[in-house]
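Chemist: Sending over a structure as structure tokens; questions will come in a sec.
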Amino acid sequence: MNLPFFTPRIPTLEEIEEQRLNRSRGIRGMIKVTGIIFLMLVAFLASMLLLTPLLELHTLEQEREHAQHQLQRARQAETEAYKRFLWMSDPEYFEQMARDRANLAKTGEHVVRRPTAEEQRKMQEEARKQRPARRPQRD
């Protein structure tokens with residue numbers, strides 16, 4: 001484009017030097033930003049590599065604690081069952097349980113039995129049925 005009123009201006013040596021300095025400052029700034037981003041990425045990856053095993057360790061510790069609680073409950077249940085087995089293998093205990101369930105007693109013993117809640121309810125219903133109906137009182 002050749003315009004009569006426009007003549008291309010040739011930059012001076014100082015202007016060229018200043019443009020070069022501005023470009024180098026921009027490149028240095030981009031290098032700094034890129035370096036910071038790279039360091040953040042490296043730090044993120046390193047934390048992932050270090051924190052993932054720690055998270056797995058924490059999960060495994062929780063599972064171990066849960067398994068220990070289950071084992072403890074199972075051992076308690078085993079102990080109770082073993083005690084019950086020992087009592088049931090005792091002939092006197094077995095005889096006592098059989099007599100209690102059959103409402104029988106040895107000579108000189110008395111059987112005292114409390115009714116269950118269901119038996120009490122049935123007895124109350126029967127007692128209501130046997131009562132005569134009340135007559136209304138006249139004034």
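Residues are referred to by chain and number: the chain letter is A, B, ... according to the order shown in the structure tokens, the number counts from 1 in that chain, and ligands are numbered separately from 1 in the order shown.
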For the helix (DSSP H, G or I) assignment from backbone DSSP, which residues of region 61-125 of chain A qualify? Please present them as a PyMOL selection string.
Modeler: chain A and resi 61-89+91-102+117-125
Chemist: Can you tell me how far CA of Leu54 (chain A) sits from CA of His69 (chain A), in Å to one decimal?
Modeler: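 CA of His69 (chain A) lies 22.7 Å from CA of Leu54 (chain A).
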Chemist: So how many Å separate CA of Pro115 (chain A) and CA of Asn103 (chain A), to one decimal?
Modeler: 12.4 Å
Chemist: How far is it from CA of Arg99 (chain A) to CA of Thr79 (chain A), in Å with one decimal?
Modeler: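 If I compute the distance from CA of Arg99 (chain A) to CA of Thr79 (chain A), I get 26.6 Å.
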